[in-house]
Amino acid sequence: MEKLDIKAFLDKDEQKDLLRLLTAGSVDDGKSTLIGRLLFDSKKLYEDQLDALERDSKRLGNAGEHIDYALLLDGLKAEREQGITIDVAYRYFSTNNRKFIIADTPGHEQYTRNMITGGSTANLAIILVDARMGVITQTRRHTFLVSLLGIKHVVLAVNKMDLVDFSEERFNEIVAEYKKFVAPLGIPDITCIPLSALDGDNVVDKSERTPWYEGLSLLDFLETVHIDSDNNFKDFRFPVQYVLRPNLDFRGFCGKVASGIVRKGDEVMALPSGKTSRVKSIVTYDGELDYAFPPQCVTLTLEDEIDVSRGEMLVHPDNLPIVDRNFEAMLVWMDEEPMDAGKSFFIKQTTNTSRARIDSIKYKVDVNTMEQSEVPFLSLNEIARVVFTTAKELFFDPYQQNKSCGSFILIDPITNNTSAVGMIIDRVEAKDMQNKEDMPVLNLPELGIAPEHYAAIEKAVSALNEQGIGVKIIC
């Protein structure tokens with residue numbers, strides 16, 4: 001076998017792609033044990049971690065004579081005392097083929113917001129079910145949350161198969177029931193794997209105890225699942241984060257390519273002004289590029305001097321996002337304080353910040369039964385379909401089409417807490433809004449303001465826009 005020097009090894013490691021995944025399931029389904037076993041069997045633990053694990057298993061473990069692999073992830077004192085997961089635990093590991101970041105998320109309903117946080121960046125979800133219990137309420141709840149987050153790949157891990165004598169019939173029953181439930185949710189890729197996390201069956205290596213199972217082991221599947229096409233390479237969106245002006249000769253717009261591909265020479269349009277130019281160069285710390293794609297962070301320079309600032313967006317003129325102040329979204333309430341529907345919140349979407357008002361709550365979704373009900377406000381961990389009005393226009397796409405430009409957070413203007421996270425469904429026509437309130441307009445000629453004062457007024461209005469207060473000017 002050819003030996004790599006350290007530079008070649010690091011170069012090869014840098015080129016591996018990254019899979020972000022989360023685990024979800026009911027209490028005691030074995031989420032933490034599964035990840036611990038994955039790390040242990042793939043030889044990704046250091047000697048001191050193994051020594052501590054063996055010591056802690058004797059003192060705190062819940063696995064009898066076995067090593068309690070869950071202790072690798074459940075690090076909080078309260079988690080170890082109760083044998084449950086409370087907070088999201090992140091673990092990084094790497095194999096010869098791929099890098100992984102695993103979010104071990106809690107199963108309790110009261111920690112829904114923790115699961116939403118852990119799953120917000122995930123490409124794949126592993127949903128565990130106990131082979132004895134089958135598909136239960138929590139399984140349905142977690143699958144609904146995964147579909148809400150737009151996660152395209154789901155592994156149904158039927159755990160504790162050793163307790164049902166590795167019965168093929170029982171496995172097929174659970175798979176059939178799960179696929180019937182998940183069909184209306186529109187998750188495109190579902191894979192079902194029978195395993196025993198405690199004994200390691202089908203976790204890293206195929207198990208001889210499931211000769212009837214013809215698929216891959218969990219690790220083999222995670223190493224080979226195709227995620228490159230999950231990114232949106234069609235709709236170019238470049239939210240401007242910062243205007244870089246190190247000297248008189250350089251003016252660039254820094255940001256992260258949210259979606260799509262941009263090339264040198266491409267015609268781009270700045271929103272909201274609608275002015276166009278061409279990409280002169282794509283600059284990075286390591287030099288210039290011919291093209292850029294998500295999730296690269298780059299600086300774009302343009303051939304023309306056009307006014308673009310933080311919160312605005314560069315797009316291709318023939319492929320525009322929705323530009324509107326009214327939209328509806330699925331909202332997950334994350335604040336301990338219940339929603340005050342009359343309050344004006346800050347909304348942060350891409351690099352854009354504005355004031356936002358809740359126009360109406362269409363319905364709340366019961367995450368356990370999928371039933372819809374009318375409510376006047378939301379409390380912690382509740383999910384609803386909500387209509388918003390913002391003080392200035394936002395540039396967005398539906399979340400299912402473009403995660404980066406279809407997601408937002410609501411910030412309480414008094415406490416600065418993150419009150420909620422949202423996934424945009426689509427725009428709402430002004431005539432369908434319950435509270436009709438137009439953006440304030442300054443018609444300067446009608447007000448009798450002389451043209452020499454226009455520049456000063458535009459500067460003042462620009463400052464208001466940066467604070468999230470939209471005002472439209474007619475010159």
# chains A, B, ... in the order shown; residues from 1 in each chain; ligands from 1
>>> residues_around(residues="Arg140 of chain A", least_positions_apart="3", cutoff="12 Å", atoms="only C-alpha atoms", output="ChimeraX atom specification")
/A:24-26,107,109,127-129,134-137,143-147,156,177-183,185,366-370
>>> residues_around(residues="Asp41 of chain A", least_positions_apart="5", cutoff="9 Å", atoms="only C-alpha atoms", output="PDB file with C-alpha atoms, in the first residue's frame")
ATOM      1  CA  GLY A  36     -21.267   5.837  20.185  1.00  0.00           C
ATOM      2  CA  GLY A 200     -23.058  -3.542  16.503  1.00  0.00           C
ATOM      3  CA  VAL A 203     -23.776  -0.550  12.133  1.00  0.00           C
ATOM      4  CA  VAL A 204     -20.295  -0.664  10.581  1.00  0.00           C
ATOM      5  CA  ASP A 205     -20.227  -4.202   9.180  1.00  0.00           C
TER       6      ASP A 205
END
>>> closest_residue(among="A:Ala460, A:Val428, A:Met339, A:Ile347", to="Pro413 of chain A", atoms="only C-alpha atoms")
A:Ile347
>>> atom_distance(atom1="atom CA of Val461 of chain A", atom2="atom CA of Arg325 of chain A")
17.4 Å
>>> closest_atom_pairs(of="segment 219-260 of chain A", to="segment 100-103 of chain A", cutoff="12 Å", atoms="only C-alpha atoms", output="JSON lines")
{"residue": "A:Leu219", "atom": "CA", "partner": "A:Phe100", "partner_atom": "CA", "distance": 10.7}
{"residue": "A:Leu222", "atom": "CA", "partner": "A:Phe100", "partner_atom": "CA", "distance": 8.8}
{"residue": "A:Glu223", "atom": "CA", "partner": "A:Phe100", "partner_atom": "CA", "distance": 9.0}
>>> write_last_selection(atoms="N, CA and C atoms", output="PDB file, in the first residue's frame")
ATOM      1  N   LEU A 219     -22.915   2.496   8.131  1.00  0.00           N
ATOM      2  CA  LEU A 219     -21.749   3.297   7.776  1.00  0.00           C
ATOM      3  C   LEU A 219     -21.502   3.280   6.269  1.00  0.00           C
ATOM      4  N   LEU A 222     -23.924   5.674   4.748  1.00  0.00           N
ATOM      5  CA  LEU A 222     -23.574   7.075   5.024  1.00  0.00           C
ATOM      6  C   LEU A 222     -22.386   7.523   4.175  1.00  0.00           C
ATOM      7  N   GLU A 223     -21.475   6.591   3.897  1.00  0.00           N
ATOM      8  CA  GLU A 223     -20.294   6.940   3.089  1.00  0.00           C
ATOM      9  C   GLU A 223     -20.636   7.121   1.608  1.00  0.00           C
TER      10      GLU A 223
END
>>> atom_distance(atom1="atom CA of Lys152 of chain A", atom2="atom CA of Gly406 of chain A")
15.9 Å
>>> atom_distance(atom1="atom CA of Phe395 of chain A", atom2="atom CA of Val323 of chain A")
4.7 Å
>>> residues_around(residues="Glu382 of chain A", least_positions_apart="4", cutoff="8 Å", atoms="only C-alpha atoms", output="PyMOL selection string")
chain A and resi 332-333+364-366+378
>>> decode(residues="segment 315-358 of chain A", atoms="N, CA and C atoms", output="PDB file, in the first residue's frame")
ATOM      1  N   VAL A 315     -28.275  38.896  -8.256  1.00  0.00           N
ATOM      2  CA  VAL A 315     -28.915  37.743  -8.889  1.00  0.00           C
ATOM      3  C   VAL A 315     -28.711  37.843 -10.399  1.00  0.00           C
ATOM      4  N   HIS A 316     -29.069  36.796 -11.116  1.00  0.00           N
ATOM      5  CA  HIS A 316     -29.089  36.868 -12.578  1.00  0.00           C
ATOM      6  C   HIS A 316     -30.398  37.538 -13.014  1.00  0.00           C
ATOM      7  N   PRO A 317     -30.343  38.470 -13.972  1.00  0.00           N
ATOM      8  CA  PRO A 317     -31.553  39.221 -14.357  1.00  0.00           C
ATOM      9  C   PRO A 317     -32.686  38.347 -14.885  1.00  0.00           C
ATOM     10  N   ASP A 318     -32.350  37.178 -15.458  1.00  0.00           N
ATOM     11  CA  ASP A 318     -33.397  36.310 -16.025  1.00  0.00           C
ATOM     12  C   ASP A 318     -33.889  35.267 -15.019  1.00  0.00           C
ATOM     13  N   ASN A 319     -33.445  35.379 -13.767  1.00  0.00           N
ATOM     14  CA  ASN A 319     -33.856  34.406 -12.741  1.00  0.00           C
ATOM     15  C   ASN A 319     -33.949  35.145 -11.406  1.00  0.00           C
ATOM     16  N   LEU A 320     -35.105  35.756 -11.169  1.00  0.00           N
ATOM     17  CA  LEU A 320     -35.257  36.624  -9.997  1.00  0.00           C
ATOM     18  C   LEU A 320     -35.962  35.898  -8.853  1.00  0.00           C
ATOM     19  N   PRO A 321     -35.602  36.225  -7.614  1.00  0.00           N
ATOM     20  CA  PRO A 321     -36.363  35.706  -6.475  1.00  0.00           C
ATOM     21  C   PRO A 321     -37.686  36.466  -6.351  1.00  0.00           C
ATOM     22  N   ILE A 322     -38.519  36.040  -5.424  1.00  0.00           N
ATOM     23  CA  ILE A 322     -39.736  36.791  -5.108  1.00  0.00           C
ATOM     24  C   ILE A 322     -39.321  38.029  -4.312  1.00  0.00           C
ATOM     25  N   VAL A 323     -39.833  39.174  -4.682  1.00  0.00           N
ATOM     26  CA  VAL A 323     -39.560  40.418  -3.956  1.00  0.00           C
ATOM     27  C   VAL A 323     -40.900  40.907  -3.411  1.00  0.00           C
ATOM     28  N   ASP A 324     -41.076  40.838  -2.091  1.00  0.00           N
ATOM     29  CA  ASP A 324     -42.380  41.178  -1.521  1.00  0.00           C
ATOM     30  C   ASP A 324     -42.253  41.465  -0.034  1.00  0.00           C
ATOM     31  N   ARG A 325     -43.295  42.108   0.499  1.00  0.00           N
ATOM     32  CA  ARG A 325     -43.368  42.379   1.942  1.00  0.00           C
ATOM     33  C   ARG A 325     -44.305  41.404   2.644  1.00  0.00           C
ATOM     34  N   ASN A 326     -45.114  40.671   1.878  1.00  0.00           N
ATOM     35  CA  ASN A 326     -46.123  39.773   2.453  1.00  0.00           C
ATOM     36  C   ASN A 326     -45.824  38.329   2.053  1.00  0.00           C
ATOM     37  N   PHE A 327     -45.769  37.438   3.035  1.00  0.00           N
ATOM     38  CA  PHE A 327     -45.543  36.026   2.729  1.00  0.00           C
ATOM     39  C   PHE A 327     -46.075  35.178   3.873  1.00  0.00           C
ATOM     40  N   GLU A 328     -46.257  33.887   3.591  1.00  0.00           N
ATOM     41  CA  GLU A 328     -46.635  32.967   4.666  1.00  0.00           C
ATOM     42  C   GLU A 328     -45.533  31.940   4.856  1.00  0.00           C
ATOM     43  N   ALA A 329     -45.442  31.454   6.098  1.00  0.00           N
ATOM     44  CA  ALA A 329     -44.337  30.563   6.447  1.00  0.00           C
ATOM     45  C   ALA A 329     -44.775  29.602   7.542  1.00  0.00           C
ATOM     46  N   MET A 330     -44.066  28.482   7.626  1.00  0.00           N
ATOM     47  CA  MET A 330     -44.211  27.589   8.792  1.00  0.00           C
ATOM     48  C   MET A 330     -43.279  28.135   9.867  1.00  0.00           C
ATOM     49  N   LEU A 331     -43.820  28.380  11.046  1.00  0.00           N
ATOM     50  CA  LEU A 331     -43.073  29.035  12.124  1.00  0.00           C
ATOM     51  C   LEU A 331     -42.950  28.095  13.320  1.00  0.00           C
ATOM     52  N   VAL A 332     -41.731  27.948  13.839  1.00  0.00           N
ATOM     53  CA  VAL A 332     -41.489  27.166  15.054  1.00  0.00           C
ATOM     54  C   VAL A 332     -41.171  28.155  16.173  1.00  0.00           C
ATOM     55  N   TRP A 333     -42.036  28.208  17.200  1.00  0.00           N
ATOM     56  CA  TRP A 333     -41.837  29.163  18.291  1.00  0.00           C
ATOM     57  C   TRP A 333     -40.789  28.622  19.265  1.00  0.00           C
ATOM     58  N   MET A 334     -39.722  29.396  19.525  1.00  0.00           N
ATOM     59  CA  MET A 334     -38.578  28.902  20.300  1.00  0.00           C
ATOM     60  C   MET A 334     -38.331  29.684  21.588  1.00  0.00           C
ATOM     61  N   ASP A 335     -39.196  30.641  21.885  1.00  0.00           N
ATOM     62  CA  ASP A 335     -38.989  31.490  23.062  1.00  0.00           C
ATOM     63  C   ASP A 335     -39.788  30.938  24.242  1.00  0.00           C
ATOM     64  N   GLU A 336     -39.206  31.065  25.453  1.00  0.00           N
ATOM     65  CA  GLU A 336     -39.932  30.665  26.666  1.00  0.00           C
ATOM     66  C   GLU A 336     -41.191  31.523  26.835  1.00  0.00           C
ATOM     67  N   GLU A 337     -41.095  32.792  26.407  1.00  0.00           N
ATOM     68  CA  GLU A 337     -42.253  33.688  26.490  1.00  0.00           C
ATOM     69  C   GLU A 337     -43.222  33.383  25.350  1.00  0.00           C
ATOM     70  N   PRO A 338     -44.527  33.259  25.626  1.00  0.00           N
ATOM     71  CA  PRO A 338     -45.492  33.028  24.544  1.00  0.00           C
ATOM     72  C   PRO A 338     -45.506  34.191  23.555  1.00  0.00           C
ATOM     73  N   MET A 339     -45.982  33.915  22.347  1.00  0.00           N
ATOM     74  CA  MET A 339     -46.035  34.923  21.300  1.00  0.00           C
ATOM     75  C   MET A 339     -46.997  36.057  21.663  1.00  0.00           C
ATOM     76  N   ASP A 340     -46.548  37.282  21.435  1.00  0.00           N
ATOM     77  CA  ASP A 340     -47.424  38.445  21.484  1.00  0.00           C
ATOM     78  C   ASP A 340     -47.679  38.845  20.033  1.00  0.00           C
ATOM     79  N   ALA A 341     -48.846  38.463  19.514  1.00  0.00           N
ATOM     80  CA  ALA A 341     -49.116  38.636  18.085  1.00  0.00           C
ATOM     81  C   ALA A 341     -49.162  40.103  17.672  1.00  0.00           C
ATOM     82  N   GLY A 342     -49.296  41.015  18.637  1.00  0.00           N
ATOM     83  CA  GLY A 342     -49.340  42.436  18.297  1.00  0.00           C
ATOM     84  C   GLY A 342     -47.980  43.104  18.287  1.00  0.00           C
ATOM     85  N   LYS A 343     -46.946  42.335  18.632  1.00  0.00           N
ATOM     86  CA  LYS A 343     -45.599  42.914  18.743  1.00  0.00           C
ATOM     87  C   LYS A 343     -44.937  43.036  17.369  1.00  0.00           C
ATOM     88  N   SER A 344     -44.090  44.042  17.218  1.00  0.00           N
ATOM     89  CA  SER A 344     -43.287  44.183  16.002  1.00  0.00           C
ATOM     90  C   SER A 344     -41.925  43.547  16.256  1.00  0.00           C
ATOM     91  N   PHE A 345     -41.584  42.527  15.485  1.00  0.00           N
ATOM     92  CA  PHE A 345     -40.325  41.805  15.655  1.00  0.00           C
ATOM     93  C   PHE A 345     -39.289  42.287  14.636  1.00  0.00           C
ATOM     94  N   PHE A 346     -38.016  41.969  14.894  1.00  0.00           N
ATOM     95  CA  PHE A 346     -37.009  42.052  13.846  1.00  0.00           C
ATOM     96  C   PHE A 346     -37.003  40.716  13.119  1.00  0.00           C
ATOM     97  N   ILE A 347     -36.917  40.762  11.789  1.00  0.00           N
ATOM     98  CA  ILE A 347     -36.776  39.533  11.008  1.00  0.00           C
ATOM     99  C   ILE A 347     -35.428  39.563  10.315  1.00  0.00           C
ATOM    100  N   LYS A 348     -34.682  38.459  10.426  1.00  0.00           N
ATOM    101  CA  LYS A 348     -33.379  38.361   9.764  1.00  0.00           C
ATOM    102  C   LYS A 348     -33.461  37.218   8.756  1.00  0.00           C
ATOM    103  N   GLN A 349     -33.343  37.602   7.475  1.00  0.00           N
ATOM    104  CA  GLN A 349     -33.437  36.635   6.380  1.00  0.00           C
ATOM    105  C   GLN A 349     -32.252  36.898   5.460  1.00  0.00           C
ATOM    106  N   THR A 350     -31.421  35.878   5.233  1.00  0.00           N
ATOM    107  CA  THR A 350     -30.078  36.030   4.620  1.00  0.00           C
ATOM    108  C   THR A 350     -29.330  37.131   5.388  1.00  0.00           C
ATOM    109  N   THR A 351     -28.822  38.159   4.687  1.00  0.00           N
ATOM    110  CA  THR A 351     -28.116  39.244   5.400  1.00  0.00           C
ATOM    111  C   THR A 351     -29.027  40.454   5.598  1.00  0.00           C
ATOM    112  N   ASN A 352     -30.299  40.276   5.302  1.00  0.00           N
ATOM    113  CA  ASN A 352     -31.270  41.368   5.324  1.00  0.00           C
ATOM    114  C   ASN A 352     -32.003  41.396   6.666  1.00  0.00           C
ATOM    115  N   THR A 353     -32.142  42.569   7.252  1.00  0.00           N
ATOM    116  CA  THR A 353     -32.887  42.722   8.503  1.00  0.00           C
ATOM    117  C   THR A 353     -33.980  43.761   8.310  1.00  0.00           C
ATOM    118  N   SER A 354     -35.165  43.438   8.815  1.00  0.00           N
ATOM    119  CA  SER A 354     -36.287  44.361   8.696  1.00  0.00           C
ATOM    120  C   SER A 354     -37.168  44.227   9.931  1.00  0.00           C
ATOM    121  N   ARG A 355     -38.134  45.106  10.047  1.00  0.00           N
ATOM    122  CA  ARG A 355     -39.191  44.938  11.036  1.00  0.00           C
ATOM    123  C   ARG A 355     -40.260  44.031  10.425  1.00  0.00           C
ATOM    124  N   ALA A 356     -40.907  43.215  11.265  1.00  0.00           N
ATOM    125  CA  ALA A 356     -41.949  42.317  10.771  1.00  0.00           C
ATOM    126  C   ALA A 356     -43.114  42.274  11.748  1.00  0.00           C
ATOM    127  N   ARG A 357     -44.302  42.130  11.170  1.00  0.00           N
ATOM    128  CA  ARG A 357     -45.505  42.037  11.984  1.00  0.00           C
ATOM    129  C   ARG A 357     -46.249  40.757  11.599  1.00  0.00           C
ATOM    130  N   ILE A 358     -46.813  40.068  12.593  1.00  0.00           N
ATOM    131  CA  ILE A 358     -47.608  38.871  12.323  1.00  0.00           C
ATOM    132  C   ILE A 358     -48.999  39.321  11.900  1.00  0.00           C
TER     133      ILE A 358
END
